[in-house]
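Enquirer: Could you have a look at this structure, given as structure tokens, before my questions?
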Amino acid sequence: MTRSADLFERAKKRIPGGVNSPVRAFYPYPFFTKQAKGSHITDVDGNEYIDYCLGFGPLILVTLIPR
């Protein structure tokens with residue numbers, strides 16, 4: 001079981017559907033952000049993404065913007 005799958009099981013016990021936004025409702029489970037820098041997001045399983053939603057997920061983490 002991946003870390004994301006484990007966290008999703010825990011989240012479903014506390015949040016209806018396991019997510020609080022349809023942007024994070026991926027199949028078979030949503031990604032859980034570990035780190036974000038600019039437009040790049042890394043999840044708890046080490047997968048890297050580019051944030052094309054312009055901050056819908058990592059914005060609450062105060063994404064670092066290179067200066």
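The chains in the structure tokens are called A, B, ... from first to last as shown; in each chain the residues are counted from 1, and the ligands are counted from 1 in the order shown.
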List the neighbours of Phe32 of chain A out to 8 Å using only C-alpha atoms; skip same-chain residues closer than 4 positions along the sequence, and give me the result as a PyMOL selection string.
Expert: chain A and resi 4+7+43-44
Enquirer: Might you pull out every residue within 12 Å of segment 17-22 of chain A, with only C-alpha atoms counted and same-chain residues fewer than 3 positions away left off, and present them as a PyMOL selection string?
Expert: chain A and resi 4-14+25-32+53+56-57
Enquirer: Just to confirm, what's the straight-line distance from atom CA of Tyr49 of chain A to atom CA of Ala36 of chain A in Å (one decimal)?
Expert: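 Atom-to-atom, atom CA of Tyr49 of chain A to atom CA of Ala36 of chain A, that is 9.3 Å.
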Enquirer: Grab the atom CA of Ile41 of chain A to atom CA of Arg24 of chain A distance for me, in Å with one decimal place.
Expert: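 Atom-to-atom, atom CA of Ile41 of chain A to atom CA of Arg24 of chain A, that is 12.9 Å.
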Enquirer: Please, what distance in Å, to one decimal, runs between atom CA of Met1 of chain A and atom CA of Pro16 of chain A?
Expert: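 Atom CA of Pro16 of chain A lies 21.4 Å from atom CA of Met1 of chain A.
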